[in-house]
Amino acid sequence: MNHAAQGRMDRYLRRARAIPPPPIAGRLTRMVGLTLEAAGCQAAVGDRCEVQTGSGTRIEAEVVGFAGDRLFLMPTGDPHGLEPAARVVRLRGEGTVRVGPQLLGRVVDGAGAPLDGRGPLGCEERVRLVGTAINPLARRPIAETLDVGVRAINALLSVGRGQRIGLFAGSGVGKSVLLGMMARYTSADVIVVGLIGERGREVKEFVDRILTQKDRRRAVVVAAPADSPPLMRLHGAWLATAIAEYFRDRGANVLLIMDSLTRFAQAQREIGLAIGEAPATKGYPPSVFARLPQLVERAGNGAEDAGSITAFYTVLTEGDDPQDPIADSTRAILDGHIVLSRRIAESGQYPAIDVEASVSRAMHEIVPAAHLDLARRFRQALATWQHHRDLIAIGAYQRGSDPRVDAAIELWPRLQAFLQQDMGERVDFGTSLAMLETVFASGGSGADGRGGA
């Protein structure tokens with residue numbers, strides 16, 4: 001190296017030594033609500049930091065935004081004990097969670113820490129909490145039916161392995177019972193349950209009452225109840241999905257049950273509003289509607305050599321309003337939706353599935369034409385009865401006026417009986433189809449919906 005080049009190299013090294021490394025520690029400058037503001041620390045969105053006080057309190061927080069040289073953080077635990085000017089230190093190895101087969105049979109919180117009192121998990125592998133996107137052209141298509149053990153769903157709203165279904169319901173219409181039936185009866189290698197933002201009582205109830213001993217051995221429960229900080233509720237949904245992805249990538253067929261997607265959206269709303277994001281639709285900031293597809297798109301079939309994630313997401317319809325912004329948004333990004341009706345539940349029919357308002361977008365690809373025709377005939381007969389029920393109830397309808405209505409009246413007891421199923425009863429796919437055929441076995445000439453006007 002000549003003298004000129006050596007001189008340039010020396011000057012470059014002197015300048016490099018003069019540039020201080022990015023600061024990894026700063027100070028807490030402000031706390032408003034659950035939002036912490038720190039200065040003097042450099043970190044990226046999604047990084048975790050530890051807030052350390054002089055009294056020995058240590059609280060983990062995540063960077064959720066920034067403005068200039070200020071960082072906005074959200075604590076993952078109870079912020080009690082924080083002090084002004086507390087030290088903020090960036091932690092290493094961020095954005096990953098520990099996973100492994102040791103998770104089977106365990107109950108963990110949104111951070112992956114065990115809640116069941118059975119000691120450490122012992123997981124060594126790490127995956128990204130927010131996952132890695134799959135090339136849409138590399139995914140296997142949905143081509144195989146999945147037996148969920150519920151007659152009405154198997155026969156009228158057939159679900160495909162790798163499909164993503166929304167369960168739309170208000171409060172108190174049997175949503176949890178239906179989820180429990182599908183958790184017990186669905187054919188899957190691994191069950192991952194995400195209880196996000198629900199009552200803490202439901203966690204123990206789900207584990208002890210809904211999952212049998214056999215189911216627990218193949219299940220992982222991630223619980224982030226309603227009293228958890230919003231960031232922990234958000235992480236609980238991400239973690240449940242990351243665990244499902246881990247098992248799918250190893251060839252397992254996974255059933256992912258998330259209760260509920262609405263609480264996930266509400267947690268993101270709390271975070272967005274806390275850091276100053278402007279509300280857009282009914283108080284929900286735009287980041288909520290960006291987060292929903294990011295979460296949902298991670299489920300589904302994997303590549304040719306991987307397994308599948310069949311996902312059921314519950315969506316709470318506030319005031320039983322199907323046009324609720326979260327319900328409306330998720331309906332567009334899912335592969336189908338099952339609607340539970342309060343009116344049907346109040347009539348004593350369980351599961352209270354509103355067949356007319358529900359749809360499986362993959363059904364026409366995975367069942368034969370004869371099955372589709374039977375389901376169509378059932379829907380037509382049910383719709384005809386519902387549209388004329390008031391006239392029939394008051395005796396204003398005269399038999400013989402319309403063959404389709406006559407056929408619906410004849411079929412109605414069998415339609416109603418078909419839709420009802422006890423929570424302890426499992427009906428497999430083949431039996432469901434056979435029972436659907438029986439509904440029309442002795443129907444009238446107009447039972448197929450093709451009678452005269």
# chains A, B, ... in the order shown; residues from 1 in each chain; ligands from 1

$ select_by_dssp --residues "range 253-411 of chain A" --states "strand (DSSP E or B)" --output "MDAnalysis selection string"
chainID A and resid 253:259 281 284 300:301 308:316 336:340 353 359:360

$ write_last_selection --atoms "C-alpha atoms" --output "PDB file, in the first residue's frame"
ATOM      1  CA  ASN A 253     -51.764 -30.590  10.810  1.00  0.00           C
ATOM      2  CA  VAL A 254     -52.555 -27.886  13.368  1.00  0.00           C
ATOM      3  CA  LEU A 255     -55.902 -26.601  14.642  1.00  0.00           C
ATOM      4  CA  LEU A 256     -55.534 -22.973  15.770  1.00  0.00           C
ATOM      5  CA  ILE A 257     -58.381 -21.567  17.874  1.00  0.00           C
ATOM      6  CA  MET A 258     -58.153 -17.884  18.742  1.00  0.00           C
ATOM      7  CA  ASP A 259     -60.674 -16.340  21.099  1.00  0.00           C
ATOM      8  CA  THR A 281     -63.364   4.089  11.887  1.00  0.00           C
ATOM      9  CA  TYR A 284     -60.107   2.289  15.542  1.00  0.00           C
ATOM     10  CA  GLY A 300     -53.306 -21.768   6.247  1.00  0.00           C
ATOM     11  CA  ASN A 301     -51.494 -24.475   4.325  1.00  0.00           C
ATOM     12  CA  SER A 308     -51.327 -27.025   7.654  1.00  0.00           C
ATOM     13  CA  ILE A 309     -52.952 -24.586  10.065  1.00  0.00           C
ATOM     14  CA  THR A 310     -56.737 -24.648  10.093  1.00  0.00           C
ATOM     15  CA  ALA A 311     -57.785 -21.584  12.077  1.00  0.00           C
ATOM     16  CA  PHE A 312     -61.003 -20.586  13.818  1.00  0.00           C
ATOM     17  CA  TYR A 313     -61.084 -16.954  14.934  1.00  0.00           C
ATOM     18  CA  THR A 314     -63.929 -15.677  17.070  1.00  0.00           C
ATOM     19  CA  VAL A 315     -65.171 -12.178  16.266  1.00  0.00           C
ATOM     20  CA  LEU A 316     -67.370 -10.384  18.780  1.00  0.00           C
ATOM     21  CA  GLY A 336     -65.553 -18.045   5.399  1.00  0.00           C
ATOM     22  CA  HIS A 337     -67.643 -17.123   8.413  1.00  0.00           C
ATOM     23  CA  ILE A 338     -70.050 -18.896  10.751  1.00  0.00           C
ATOM     24  CA  VAL A 339     -72.621 -16.602  12.345  1.00  0.00           C
ATOM     25  CA  LEU A 340     -74.232 -17.418  15.678  1.00  0.00           C
ATOM     26  CA  ILE A 353     -75.760 -21.296  13.763  1.00  0.00           C
ATOM     27  CA  VAL A 359     -70.698 -19.329   4.257  1.00  0.00           C
ATOM     28  CA  SER A 360     -67.640 -21.478   3.616  1.00  0.00           C
TER      29      SER A 360
END

$ select_by_dssp --residues "range 139-203 of chain A" --states "helix (DSSP H, G or I)" --output "list in words"
Arg151, Ala152, Ile153, Asn154, Ala155, Leu156, Lys175, Ser176, Val177, Leu178, Leu179, Gly180, Met181, Met182, Ala183, Arg184, Tyr185, Gly200, Arg201, Glu202 and Val203 of chain A

$ closest_atom_pairs --of "range 63-120 of chain A" --to "range 129-138 of chain A" --cutoff "6 Å" --atoms "only C-alpha atoms" --output "Markdown table"
| residue | atom | partner | partner_atom | distance |
| --- | --- | --- | --- | --- |
| A:Gly95 | CA | A:Leu129 | CA | 5.6 |
| A:Thr96 | CA | A:Leu129 | CA | 5.1 |
| A:Val97 | CA | A:Leu129 | CA | 5.9 |

$ closest_residue --among "A:Ala352, A:Leu157, A:Met74, A:Val45" --to "Gln416 in chain A" --atoms "only C-alpha atoms"
A:Ala352

$ residues_around --residues "Arg48 in chain A" --least-positions-apart "3" --cutoff "6 Å" --atoms "only C-alpha atoms" --output "PyMOL selection string"
chain A and resi 61-62+91

$ write_last_selection --atoms "N, CA, C and O atoms" --output "tab-separated table (two decimals), in the first residue's frame"
chain	number	residue	atom	x	y	z
A	61	ALA	N	-40.36	-3.59	28.59
A	61	ALA	CA	-41.24	-2.80	27.72
A	61	ALA	C	-40.80	-3.00	26.29
A	61	ALA	O	-39.67	-3.42	26.02
A	62	GLU	N	-41.68	-2.71	25.37
A	62	GLU	CA	-41.38	-2.85	23.94
A	62	GLU	C	-41.51	-1.51	23.25
A	62	GLU	O	-42.42	-0.72	23.56
A	91	LEU	N	-32.49	-4.51	25.34
A	91	LEU	CA	-32.12	-5.91	25.51
A	91	LEU	C	-31.77	-6.52	24.16
A	91	LEU	O	-32.24	-6.08	23.12

$ atom_distance --atom1 "CA of Tyr246 in chain A" --atom2 "CA of Ala111 in chain A"
16.3 Å

$ residues_around --residues "Arg27 in chain A" --least-positions-apart "6" --cutoff "8 Å" --atoms "only C-alpha atoms" --output "mmCIF file with N, CA and C atoms, in the first residue's frame"
data_model
loop_
_atom_site.group_PDB
_atom_site.id
_atom_site.type_symbol
_atom_site.label_atom_id
_atom_site.label_comp_id
_atom_site.auth_asym_id
_atom_site.auth_seq_id
_atom_site.Cartn_x
_atom_site.Cartn_y
_atom_site.Cartn_z
ATOM 1 N N ALA A 38 -38.917 7.641 26.431
ATOM 2 C CA ALA A 38 -37.505 7.575 26.831
ATOM 3 C C ALA A 38 -36.659 8.387 25.871
ATOM 4 N N ALA A 39 -35.566 8.967 26.387
ATOM 5 C CA ALA A 39 -34.609 9.730 25.577
ATOM 6 C C ALA A 39 -33.211 9.207 25.841
ATOM 7 N N GLY A 40 -32.355 9.326 24.812
ATOM 8 C CA GLY A 40 -30.968 8.923 24.963
ATOM 9 C C GLY A 40 -30.704 7.468 24.683
ATOM 10 N N CYS A 41 -31.683 6.724 24.226
ATOM 11 C CA CYS A 41 -31.528 5.298 23.925
ATOM 12 C C CYS A 41 -31.915 5.065 22.473
ATOM 13 N N ALA A 85 -36.905 9.464 35.436
ATOM 14 C CA ALA A 85 -35.478 9.315 35.107
ATOM 15 C C ALA A 85 -34.971 7.893 35.315
ATOM 16 N N ALA A 86 -35.868 6.906 35.326
ATOM 17 C CA ALA A 86 -35.427 5.514 35.426
ATOM 18 C C ALA A 86 -34.581 5.162 34.211
ATOM 19 N N ARG A 87 -33.627 4.274 34.405
ATOM 20 C CA ARG A 87 -32.720 3.882 33.336
ATOM 21 C C ARG A 87 -33.435 2.946 32.369
ATOM 22 N N VAL A 88 -33.272 3.179 31.067
ATOM 23 C CA VAL A 88 -33.882 2.353 30.027
ATOM 24 C C VAL A 88 -32.768 1.688 29.239
#

$ residues_around --residues "Pro114 in chain A" --least-positions-apart "5" --cutoff "12 Å" --atoms "only C-alpha atoms" --output "list in words"
Arg98, Gln102, Leu103, Leu104, Gly105, Arg106, Val107, Val108, Asp109, Gly119, Pro120, Leu121, Gly122, Cys123, Val220, Val221, Val222, Ala223 and Ala224 of chain A

$ write_last_selection --atoms "all heavy atoms" --output "short mmCIF file (atom, residue, chain, number, x, y, z; two decimals), in the first residue's frame"
data_model
loop_
_atom_site.label_atom_id
_atom_site.label_comp_id
_atom_site.auth_asym_id
_atom_site.auth_seq_id
_atom_site.Cartn_x
_atom_site.Cartn_y
_atom_site.Cartn_z
N ARG A 98 -39.11 -18.71 22.25
CA ARG A 98 -38.67 -20.10 22.33
C ARG A 98 -39.83 -21.03 22.01
O ARG A 98 -40.95 -20.85 22.52
CB ARG A 98 -38.13 -20.41 23.73
CG ARG A 98 -36.84 -19.67 24.05
CD ARG A 98 -36.28 -20.14 25.39
NE ARG A 98 -35.09 -19.41 25.77
CZ ARG A 98 -33.85 -19.71 25.36
NH1 ARG A 98 -33.68 -20.76 24.56
NH2 ARG A 98 -32.83 -19.00 25.75
N GLN A 102 -41.69 -29.45 23.56
CA GLN A 102 -41.93 -29.39 25.00
C GLN A 102 -43.15 -28.55 25.36
O GLN A 102 -43.66 -28.61 26.49
CB GLN A 102 -40.70 -28.83 25.72
CG GLN A 102 -39.44 -29.64 25.57
CD GLN A 102 -38.63 -29.27 24.33
OE1 GLN A 102 -39.14 -28.60 23.43
NE2 GLN A 102 -37.38 -29.71 24.29
N LEU A 103 -43.64 -27.75 24.40
CA LEU A 103 -44.82 -26.92 24.66
C LEU A 103 -46.10 -27.73 24.74
O LEU A 103 -47.08 -27.27 25.33
CB LEU A 103 -44.95 -25.87 23.55
CG LEU A 103 -43.98 -24.68 23.60
CD1 LEU A 103 -44.02 -23.92 22.28
CD2 LEU A 103 -44.33 -23.75 24.75
N LEU A 104 -46.12 -28.91 24.15
CA LEU A 104 -47.34 -29.72 24.13
C LEU A 104 -47.77 -30.05 25.56
O LEU A 104 -46.95 -30.50 26.38
CB LEU A 104 -47.12 -30.99 23.32
CG LEU A 104 -46.89 -30.79 21.82
CD1 LEU A 104 -46.57 -32.12 21.14
CD2 LEU A 104 -48.10 -30.14 21.16
N GLY A 105 -49.03 -29.83 25.84
CA GLY A 105 -49.56 -30.09 27.16
C GLY A 105 -49.37 -28.97 28.16
O GLY A 105 -49.75 -29.11 29.32
N ARG A 106 -48.83 -27.83 27.71
CA ARG A 106 -48.52 -26.74 28.63
C ARG A 106 -49.44 -25.54 28.42
O ARG A 106 -50.05 -25.38 27.36
CB ARG A 106 -47.06 -26.29 28.45
CG ARG A 106 -46.03 -27.37 28.63
CD ARG A 106 -46.05 -27.99 30.02
NE ARG A 106 -45.81 -27.04 31.07
CZ ARG A 106 -44.59 -26.75 31.57
NH1 ARG A 106 -43.52 -27.37 31.06
NH2 ARG A 106 -44.43 -25.88 32.54
N VAL A 107 -49.50 -24.69 29.45
CA VAL A 107 -50.24 -23.43 29.41
C VAL A 107 -49.25 -22.32 29.67
O VAL A 107 -48.54 -22.34 30.68
CB VAL A 107 -51.37 -23.40 30.46
CG1 VAL A 107 -52.16 -22.10 30.36
CG2 VAL A 107 -52.30 -24.60 30.30
N VAL A 108 -49.16 -21.35 28.74
CA VAL A 108 -48.19 -20.27 28.86
C VAL A 108 -48.91 -18.93 28.72
O VAL A 108 -50.05 -18.85 28.25
CB VAL A 108 -47.08 -20.39 27.79
CG1 VAL A 108 -46.32 -21.70 27.93
CG2 VAL A 108 -47.66 -20.27 26.38
N ASP A 109 -48.20 -17.86 29.15
CA ASP A 109 -48.77 -16.52 28.99
C ASP A 109 -48.31 -15.92 27.68
O ASP A 109 -47.64 -16.58 26.87
CB ASP A 109 -48.42 -15.63 30.19
CG ASP A 109 -46.92 -15.37 30.33
OD1 ASP A 109 -46.15 -15.66 29.37
OD2 ASP A 109 -46.50 -14.87 31.39
N GLY A 119 -43.02 -26.17 36.07
CA GLY A 119 -41.60 -25.93 35.87
C GLY A 119 -41.27 -25.34 34.53
O GLY A 119 -42.15 -25.06 33.70
N PRO A 120 -39.97 -25.14 34.25
CA PRO A 120 -39.53 -24.53 32.98
C PRO A 120 -39.95 -25.38 31.78
O PRO A 120 -40.13 -26.59 31.88
CB PRO A 120 -38.00 -24.47 33.12
CG PRO A 120 -37.73 -24.59 34.58
CD PRO A 120 -38.84 -25.42 35.14
N LEU A 121 -40.04 -24.71 30.64
CA LEU A 121 -40.46 -25.40 29.41
C LEU A 121 -39.33 -26.22 28.80
O LEU A 121 -39.57 -27.28 28.22
CB LEU A 121 -40.96 -24.38 28.38
CG LEU A 121 -42.20 -23.57 28.80
CD1 LEU A 121 -42.47 -22.47 27.78
CD2 LEU A 121 -43.41 -24.49 28.90
N GLY A 122 -38.12 -25.72 28.87
CA GLY A 122 -36.99 -26.45 28.29
C GLY A 122 -36.89 -26.36 26.79
O GLY A 122 -36.24 -27.19 26.15
N CYS A 123 -37.53 -25.35 26.19
CA CYS A 123 -37.46 -25.18 24.73
C CYS A 123 -36.14 -24.50 24.35
O CYS A 123 -35.73 -23.52 24.98
CB CYS A 123 -38.63 -24.35 24.22
SG CYS A 123 -40.24 -25.07 24.57
N VAL A 220 -51.53 -26.84 23.12
CA VAL A 220 -50.79 -25.74 23.75
C VAL A 220 -51.80 -24.61 23.95
O VAL A 220 -52.50 -24.22 23.01
CB VAL A 220 -49.63 -25.24 22.87
CG1 VAL A 220 -48.83 -24.17 23.61
CG2 VAL A 220 -48.74 -26.39 22.43
N VAL A 221 -51.88 -24.10 25.17
CA VAL A 221 -52.79 -23.00 25.48
C VAL A 221 -51.98 -21.75 25.79
O VAL A 221 -51.10 -21.78 26.66
CB VAL A 221 -53.72 -23.35 26.66
CG1 VAL A 221 -54.64 -22.16 26.99
CG2 VAL A 221 -54.55 -24.58 26.35
N VAL A 222 -52.25 -20.67 25.05
CA VAL A 222 -51.62 -19.38 25.30
C VAL A 222 -52.70 -18.47 25.88
O VAL A 222 -53.70 -18.20 25.23
CB VAL A 222 -51.04 -18.77 24.01
CG1 VAL A 222 -50.41 -17.41 24.30
CG2 VAL A 222 -50.03 -19.72 23.38
N ALA A 223 -52.49 -18.00 27.10
CA ALA A 223 -53.51 -17.22 27.80
C ALA A 223 -53.00 -15.81 28.08
O ALA A 223 -51.98 -15.64 28.75
CB ALA A 223 -53.91 -17.91 29.10
N ALA A 224 -53.71 -14.82 27.55
CA ALA A 224 -53.44 -13.42 27.86
C ALA A 224 -54.78 -12.79 28.21
O ALA A 224 -55.44 -12.19 27.35
CB ALA A 224 -52.80 -12.71 26.66
#

$ residues_around --residues "range 53-55 of chain A" --least-positions-apart "3" --cutoff "12 Å" --atoms "only C-alpha atoms" --output "list in words"
Arg27, Leu28, Glu50, Arg58, Ile59, Glu60, Pro79, His80, Gly81, Leu82, Glu83, Pro84, Ala85, Ala86, Arg87, Val88 and Val89 of chain A

$ residues_around --residues "Ile366 in chain A" --least-positions-apart "3" --cutoff "7 Å" --atoms "only C-alpha atoms" --output "list in words"
Ala143, Glu144, Thr145, Gly160, Ala362 and Met363 of chain A

$ write_last_selection --atoms "N, CA, C and O atoms" --output "PDB file, in the first residue's frame"
ATOM      1  N   ALA A 143     -57.668 -28.533  -0.450  1.00  0.00           N
ATOM      2  CA  ALA A 143     -58.213 -29.589  -1.299  1.00  0.00           C
ATOM      3  C   ALA A 143     -58.786 -30.756  -0.523  1.00  0.00           C
ATOM      4  O   ALA A 143     -59.265 -31.721  -1.114  1.00  0.00           O
ATOM      5  N   GLU A 144     -58.772 -30.679   0.822  1.00  0.00           N
ATOM      6  CA  GLU A 144     -59.177 -31.813   1.643  1.00  0.00           C
ATOM      7  C   GLU A 144     -60.149 -31.341   2.711  1.00  0.00           C
ATOM      8  O   GLU A 144     -59.929 -30.326   3.369  1.00  0.00           O
ATOM      9  N   THR A 145     -61.253 -32.077   2.894  1.00  0.00           N
ATOM     10  CA  THR A 145     -62.219 -31.704   3.928  1.00  0.00           C
ATOM     11  C   THR A 145     -61.663 -32.010   5.313  1.00  0.00           C
ATOM     12  O   THR A 145     -60.847 -32.918   5.487  1.00  0.00           O
ATOM     13  N   GLY A 160     -62.306 -26.888   4.909  1.00  0.00           N
ATOM     14  CA  GLY A 160     -61.161 -27.565   4.319  1.00  0.00           C
ATOM     15  C   GLY A 160     -59.941 -27.446   5.213  1.00  0.00           C
ATOM     16  O   GLY A 160     -59.786 -26.471   5.956  1.00  0.00           O
ATOM     17  N   ALA A 362     -64.571 -22.215   0.704  1.00  0.00           N
ATOM     18  CA  ALA A 362     -63.806 -23.315   0.104  1.00  0.00           C
ATOM     19  C   ALA A 362     -64.663 -24.546  -0.143  1.00  0.00           C
ATOM     20  O   ALA A 362     -64.188 -25.516  -0.740  1.00  0.00           O
ATOM     21  N   MET A 363     -65.917 -24.515   0.287  1.00  0.00           N
ATOM     22  CA  MET A 363     -66.746 -25.722   0.225  1.00  0.00           C
ATOM     23  C   MET A 363     -66.914 -26.234  -1.190  1.00  0.00           C
ATOM     24  O   MET A 363     -66.852 -27.449  -1.438  1.00  0.00           O
TER      25      MET A 363
END

$ atom_distance --atom1 "CA of Gly283 in chain A" --atom2 "CA of Gly33 in chain A"
17.6 Å

$ atom_distance --atom1 "CA of Ala381 in chain A" --atom2 "CA of Arg361 in chain A"
20.9 Å

$ closest_residue --among "A:Arg376, A:Gln266, A:Val127, A:Gly236" --to "His364 in chain A" --atoms "only C-alpha atoms"
A:Arg376

$ closest_atom_pairs --of "range 265-335 of chain A" --to "range 66-71 of chain A" --cutoff "12 Å" --atoms "only C-alpha atoms" --output "CSV"
residue,atom,partner,partner_atom,distance
A:Ile275,CA,A:Phe66,CA,8.8
A:Gly276,CA,A:Ala67,CA,10.6
A:Glu277,CA,A:Phe66,CA,11.8
